[in-house]
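Just below is one structure, and these are the notes that go with it.
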Amino acid sequence: MKKFLSMLLAIVMVVSMIIPVSAGSKKELDFKDRHTFAEVESTLKDLSKDYSTITELFSLGTTWRENNIWCLKITNKSIDDSKKTGIAVIANIHGGEQEAGESALYSAVTLCKESTTKEIKEILDNYIIYIVPVMNPDGYIQSFVLNNRPNLHPTDHNGNGVSFSDPYTDINGDGFISTIYKGTKDTKEADREKIGMESPDWDKNGKLGDDPRTSGIDLNRTFNYNYGRYDIETDPEINKESKSVVGSDATTTNGNGKAGGTEPEVKAIQNFFAKYPVDAMTTVHTGQQSVLYPWCYRAYDPNNELDDQIPHMKAVSEKLAKIYTDYTGRNFYSKQSHSDYPTSAEMIDYTYGRHRINSYTIEVYGPGMSDPNSDDIYYRSLWNNKLPETKWQFYDQKQIKEELKLDPDSLGLKKGEGLWFKTDARAQMSGKAPTDQDVMVKGFYEVLIELIKSEEPGGNNNYVLPEYMK
Ligand SMILES: [Zn+2]
């Protein structure tokens, strides 16, 4: 009998070596690659099944296109939640910033996989980690067509009464959305006239791609805290000529949507923070490499009691920036968000202002080559990857008819004129991961572990729920 048991044990061991039991048996995600929203969803569902003792998956709400805003809660479920500190990670508020979602997803996968190690077990015994890899799924999905920041609030860009009636479409089959110019084969680059974006002219108005699937709304200017605030008398930063002050940021209300807290994605996140107490949160972005802390709408004021947590957040931000720099070998800086560039109604002002949550905007990827000699820290802190060169391709009128199936007359082309397709780096990188994205996501994970440890374990101490929200 004993012999039989030991033989059985030997067989079980051999079999389990061949077929990994429980978790990890499914296809491993390669974080060198980009993942579709469907892949993000199925990964989260798998984690919630494979690690059911430490995870719970729920939707915080849906978008204009009825996609779910998924949240994965990770914690040791056998310990009472009231004895734990909450930490939230909200990524991809901007649809095209997909390295942000990848960083959050990698963190979710790794926290689960490492959950039996001493370090992570201790974290999951004392903290609850909420991870929302994609807050703006509609914008995320659209960004596989062409990089797009806003959500898909139905918008009628060309005033024909139908929303999104001329969406960008790849008509020449090269896999990219090009910007369309007209000119002859000999027209120099600078003299080619921009006439639209790649599309078959779905709405047949002679203007290519003039009603694309994007709302123009920047969700990270649309939270219900100091919405659209612009204090020109007191804020010298507002008037400074800086790369981002003009346009949809603090100086205008363009891109802010209708009113604070009205977009479904923003509402869902605001409701989340009213329901789930957390002491620290991060909203994960790309575009630069930095850790930013509140306020976005004004400078730090040591005499204002609302600013009492800012020195703590400043110190944590400096530490996080150093960890990311050391891990990835790429520069990463920290700043008060307002001094980086002023804006209003950002998520971190909302979470700190309304709930006293220590809040950080973490930007994980600045595309392109760094310039170590630049005066501007932004240009000294890029990922150091070579972006694809802009491509130009000419189509004459015969090719326009036969290959592109467009009518040269409806486009107003004169004799000898044709179409120039310009495909820039942004178009060529849509849906593609940059070099070393796997290093980037691991760097973010290291930063997240430190961010978790920057809060005292064993229960929330700075989170508040205002009386009027109860
Ligand atoms: Zn962003």
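Letters A, B, ... mark the chains of the structure tokens in the order given; residue numbers begin at 1 per chain; ligand numbers begin at 1, in order shown.
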_Which of stretch 62-281 of chain A end up as helix (DSSP H, G or I) when DSSP is run on this backbone - answer as number ranges by chain?_
A: 81-83, 98-113, 118-126, 137-142, 189-191, 219-221, 236-239, 264-275
*Counting only C-alpha atoms and all ligand atoms, what residues are within 6 Å of ligand 1, given as number ranges by chain?*
A: 94, 285-286
*With only C-alpha atoms as the basis for distance, which of A:Glu265, A:Glu41, A:Asp396, A:Asp231 is at the shortest distance from A:Gly139?*
A:Glu265
Near stretch 66-78 of chain A, 10 Å: stretch 263-291 of chain A residue rows, closest pairs, only C-alpha atoms, as CSV:
```
residue,atom,partner,partner_atom,distance
A:Pro264,CA,A:Ile69,CA,9.9
A:Glu265,CA,A:Ile69,CA,7.5
A:Ala268,CA,A:Ile69,CA,8.0
A:Ile269,CA,A:Ile69,CA,9.0
A:Phe272,CA,A:Cys71,CA,9.6
```
*Identify, on the basis of only C-alpha atoms, every residue whose closest approach to stretch 382-395 of chain A does not exceed 6 Å; exclude the query and any residue fewer than 4 positions from it along the same chain; express the result as number ranges by chain.*
A: 366-370, 399-400, 418-425
Shell of 8 Å around A:Phe37, only C-alpha atoms, local chain residues under 3 positions omitted, as a CSV table (one decimal) with N, CA and C atoms, in the first residue's frame:
```
chain,number,residue,atom,x,y,z
A,40,VAL,N,-7.4,42.6,-22.5
A,40,VAL,CA,-7.4,43.2,-21.1
A,40,VAL,C,-8.5,42.6,-20.3
A,41,GLU,N,-9.7,42.6,-20.9
A,41,GLU,CA,-10.9,42.0,-20.2
A,41,GLU,C,-10.7,40.5,-19.8
A,137,PRO,N,-12.4,52.9,-22.0
A,137,PRO,CA,-12.3,51.8,-23.0
A,137,PRO,C,-12.6,52.3,-24.4
A,140,TYR,N,-9.7,53.9,-25.8
A,140,TYR,CA,-8.6,52.9,-25.9
A,140,TYR,C,-8.8,52.1,-27.2
A,141,ILE,N,-10.1,51.6,-27.4
A,141,ILE,CA,-10.4,50.8,-28.6
A,141,ILE,C,-10.1,51.6,-29.8
```
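Considering the residues A:Asn256, A:Thr53, A:Asn147, A:Gln98 and counting only C-alpha atoms, A:Thr222 has its shortest atom-to-atom contact with A:Asn256.
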*Determine the nearest neighbour of A:Asp326 from the options A:Tyr365, A:Phe273, A:Tyr297, A:Phe444, counting only C-alpha atoms.*
A:Phe444
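In this comparison, which uses only C-alpha atoms, the residue of A:Thr43, A:Gln397, A:Ser163, A:Asn158 approaching A:Thr184 most closely is A:Gln397.
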*Nearest to A:Val364: which of A:Tyr276, A:Phe332, A:Trp64, A:Phe176 is it, counting only C-alpha atoms?*
A:Phe332
*asked:* Report as a list in words all protein, DNA and RNA residues lying within 9 Å of A:Ala433, evaluated on only C-alpha atoms, omitting residues in the same chain fewer than 5 positions from it.
replied: Phe31, Lys32, Asp33, Arg34, His35, Gln98 and Glu99 of chain A
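Distance check against A:Asp211 using only C-alpha atoms: of A:Ile180, A:Val162, A:Leu146, A:Ala104, the minimum falls on A:Val162.
Put simply, atom CA of A:Ile131 is 13.1 Å away from atom CA of A:Ile449.
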*asked:* Residues of stretch 206-419 of chain A classed as strand (DSSP E or B) by DSSP on the backbone are to be reported as a ChimeraX atom specification.
replied: /A:211,280-285,289-293,333-336,358-364,391-395,418-419
Selection from above, N, CA and C atoms, as a tab-separated table (two decimals), in the first residue's frame, can you write it?
```tsv
chain	number	residue	atom	x	y	z
A	211	ASP	N	-15.74	63.61	-39.77
A	211	ASP	CA	-16.59	63.37	-38.59
A	211	ASP	C	-16.11	62.11	-37.86
A	280	ALA	N	-4.31	56.43	-0.83
A	280	ALA	CA	-3.46	56.92	-1.92
A	280	ALA	C	-3.98	56.41	-3.23
A	281	MET	N	-3.80	57.22	-4.27
A	281	MET	CA	-4.22	56.80	-5.61
A	281	MET	C	-3.21	57.32	-6.62
A	282	THR	N	-3.16	56.64	-7.76
A	282	THR	CA	-2.42	57.19	-8.88
A	282	THR	C	-3.23	57.06	-10.16
A	283	THR	N	-3.16	58.10	-10.97
A	283	THR	CA	-3.74	58.03	-12.32
A	283	THR	C	-2.55	57.92	-13.26
A	284	VAL	N	-2.57	56.90	-14.12
A	284	VAL	CA	-1.39	56.56	-14.91
A	284	VAL	C	-1.55	57.05	-16.35
A	285	HIS	N	-0.51	57.73	-16.82
A	285	HIS	CA	-0.55	58.38	-18.14
A	285	HIS	C	0.73	58.12	-18.92
A	289	GLN	N	7.65	61.64	-18.71
A	289	GLN	CA	8.09	60.70	-17.67
A	289	GLN	C	8.23	61.46	-16.37
A	290	SER	N	7.18	61.39	-15.54
A	290	SER	CA	7.15	62.22	-14.35
A	290	SER	C	6.17	61.68	-13.32
A	291	VAL	N	6.37	62.15	-12.07
A	291	VAL	CA	5.37	61.93	-11.02
A	291	VAL	C	4.92	63.33	-10.60
A	292	LEU	N	3.63	63.60	-10.74
A	292	LEU	CA	3.10	64.92	-10.43
A	292	LEU	C	2.12	64.81	-9.27
A	293	TYR	N	2.10	65.84	-8.43
A	293	TYR	CA	1.19	65.82	-7.29
A	293	TYR	C	0.38	67.11	-7.26
A	333	TYR	N	11.10	62.64	-13.70
A	333	TYR	CA	11.20	63.75	-12.74
A	333	TYR	C	9.93	63.88	-11.92
A	334	SER	N	10.01	64.68	-10.84
A	334	SER	CA	8.79	64.95	-10.05
A	334	SER	C	8.58	66.44	-9.94
A	335	LYS	N	7.32	66.83	-9.88
A	335	LYS	CA	6.95	68.25	-9.84
A	335	LYS	C	5.54	68.39	-9.27
A	336	GLN	N	5.25	69.58	-8.73
A	336	GLN	CA	3.86	69.88	-8.45
A	336	GLN	C	3.19	70.06	-9.82
A	358	ASN	N	-3.98	61.00	-0.84
A	358	ASN	CA	-2.67	61.35	-1.42
A	358	ASN	C	-2.68	60.90	-2.87
A	359	SER	N	-2.50	61.86	-3.77
A	359	SER	CA	-2.81	61.60	-5.18
A	359	SER	C	-1.63	61.93	-6.09
A	360	TYR	N	-1.41	61.06	-7.05
A	360	TYR	CA	-0.24	61.21	-7.92
A	360	TYR	C	-0.62	60.93	-9.37
A	361	THR	N	-0.17	61.80	-10.27
A	361	THR	CA	-0.25	61.50	-11.70
A	361	THR	C	1.10	60.91	-12.08
A	362	ILE	N	1.08	59.65	-12.52
A	362	ILE	CA	2.35	59.03	-12.92
A	362	ILE	C	2.34	58.89	-14.44
A	363	GLU	N	3.31	59.53	-15.07
A	363	GLU	CA	3.44	59.49	-16.53
A	363	GLU	C	4.62	58.57	-16.85
A	364	VAL	N	4.34	57.43	-17.52
A	364	VAL	CA	5.35	56.38	-17.63
A	364	VAL	C	6.16	56.39	-18.93
A	391	LYS	N	6.02	58.86	-43.54
A	391	LYS	CA	6.02	58.34	-44.91
A	391	LYS	C	5.05	59.16	-45.76
A	392	TRP	N	5.40	59.37	-47.03
A	392	TRP	CA	4.51	60.04	-47.99
A	392	TRP	C	4.27	59.11	-49.17
A	393	GLN	N	3.01	59.03	-49.60
A	393	GLN	CA	2.74	58.24	-50.81
A	393	GLN	C	1.77	58.99	-51.71
A	394	PHE	N	2.07	59.01	-53.00
A	394	PHE	CA	1.25	59.75	-53.97
A	394	PHE	C	0.33	58.81	-54.75
A	395	TYR	N	-0.92	59.24	-54.96
A	395	TYR	CA	-1.88	58.52	-55.80
A	395	TYR	C	-2.36	59.46	-56.90
A	418	GLY	N	-3.29	64.99	-57.60
A	418	GLY	CA	-3.64	63.71	-57.00
A	418	GLY	C	-3.65	63.85	-55.49
A	419	LEU	N	-3.62	62.73	-54.79
A	419	LEU	CA	-3.64	62.77	-53.32
A	419	LEU	C	-2.30	62.30	-52.76
```
_Between atom CA of A:Gly443 and atom CA of A:Asn220, what distance in Å does the model show, to one decimal?_
23.9 Å
Quick one: everything within 12 Å of A:Asp156, counting only C-alpha atoms, minus sequence neighbours fewer than 2 positions away in the same chain. Send it as a PDB file with C-alpha atoms, in the first residue's frame.
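So the final result, stored in result.pdb, reads:
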```
ATOM      1  CA  LEU A 152     -16.638  58.701 -27.556  1.00  0.00           C
ATOM      2  CA  HIS A 153     -19.376  61.043 -26.349  1.00  0.00           C
ATOM      3  CA  PRO A 154     -21.427  61.173 -29.582  1.00  0.00           C
ATOM      4  CA  ASN A 158     -19.374  68.351 -39.421  1.00  0.00           C
ATOM      5  CA  GLY A 159     -22.890  69.466 -38.495  1.00  0.00           C
ATOM      6  CA  ASN A 160     -24.812  67.070 -40.756  1.00  0.00           C
ATOM      7  CA  GLY A 161     -27.019  65.907 -37.905  1.00  0.00           C
ATOM      8  CA  VAL A 162     -25.392  62.477 -37.540  1.00  0.00           C
ATOM      9  CA  SER A 163     -22.664  61.742 -34.981  1.00  0.00           C
ATOM     10  CA  PHE A 164     -19.437  60.206 -36.196  1.00  0.00           C
ATOM     11  CA  SER A 165     -20.694  60.022 -39.793  1.00  0.00           C
ATOM     12  CA  ASP A 166     -17.239  59.949 -41.432  1.00  0.00           C
ATOM     13  CA  PRO A 167     -14.945  57.803 -39.282  1.00  0.00           C
ATOM     14  CA  ASP A 203     -21.040  60.738 -45.592  1.00  0.00           C
ATOM     15  CA  ASP A 210     -14.446  65.082 -41.270  1.00  0.00           C
ATOM     16  CA  ASP A 211     -16.593  63.368 -38.588  1.00  0.00           C
ATOM     17  CA  PRO A 212     -14.264  60.988 -36.707  1.00  0.00           C
ATOM     18  CA  ARG A 213     -14.964  58.864 -33.627  1.00  0.00           C
ATOM     19  CA  THR A 214     -13.652  61.212 -30.953  1.00  0.00           C
ATOM     20  CA  SER A 215     -15.479  63.672 -28.720  1.00  0.00           C
ATOM     21  CA  GLY A 216     -12.793  66.290 -28.205  1.00  0.00           C
TER      22      GLY A 216
END
```
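Residues lying within 12 Å of A:Leu306, counting only C-alpha atoms and ignoring same-chain neighbours fewer than 4 positions away, are A:Pro294, A:Trp295, A:Tyr300, A:Asp301, A:Pro302, A:Ile310, A:Pro311, A:Asp349, A:Tyr352, A:Gly353, A:Arg354, A:His355, A:Arg356, A:Ile357.
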Can I get the selected residues back with C-alpha atoms, as an mmCIF file, in the first residue's frame?
```cif
data_model
loop_
_atom_site.group_PDB
_atom_site.id
_atom_site.type_symbol
_atom_site.label_atom_id
_atom_site.label_comp_id
_atom_site.auth_asym_id
_atom_site.auth_seq_id
_atom_site.Cartn_x
_atom_site.Cartn_y
_atom_site.Cartn_z
ATOM 1 C CA PRO A 294 -1.620 68.353 -6.550
ATOM 2 C CA TRP A 295 -2.595 70.946 -7.099
ATOM 3 C CA TYR A 300 1.333 75.298 -3.201
ATOM 4 C CA ASP A 301 0.369 77.615 -0.348
ATOM 5 C CA PRO A 302 1.979 76.638 2.997
ATOM 6 C CA ILE A 310 1.449 68.372 -0.107
ATOM 7 C CA PRO A 311 4.927 68.170 1.517
ATOM 8 C CA ASP A 349 -7.276 67.632 -7.634
ATOM 9 C CA TYR A 352 -7.172 65.149 -2.954
ATOM 10 C CA GLY A 353 -9.608 68.068 -2.779
ATOM 11 C CA ARG A 354 -12.763 66.056 -2.071
ATOM 12 C CA HIS A 355 -11.411 63.036 -0.204
ATOM 13 C CA ARG A 356 -7.939 64.019 1.121
ATOM 14 C CA ILE A 357 -6.433 61.066 -0.765
#
```
*Computed interatomic separation between atom CA of A:Ile120 and atom CA of A:Asp81 (Å)*: 16.6 Å
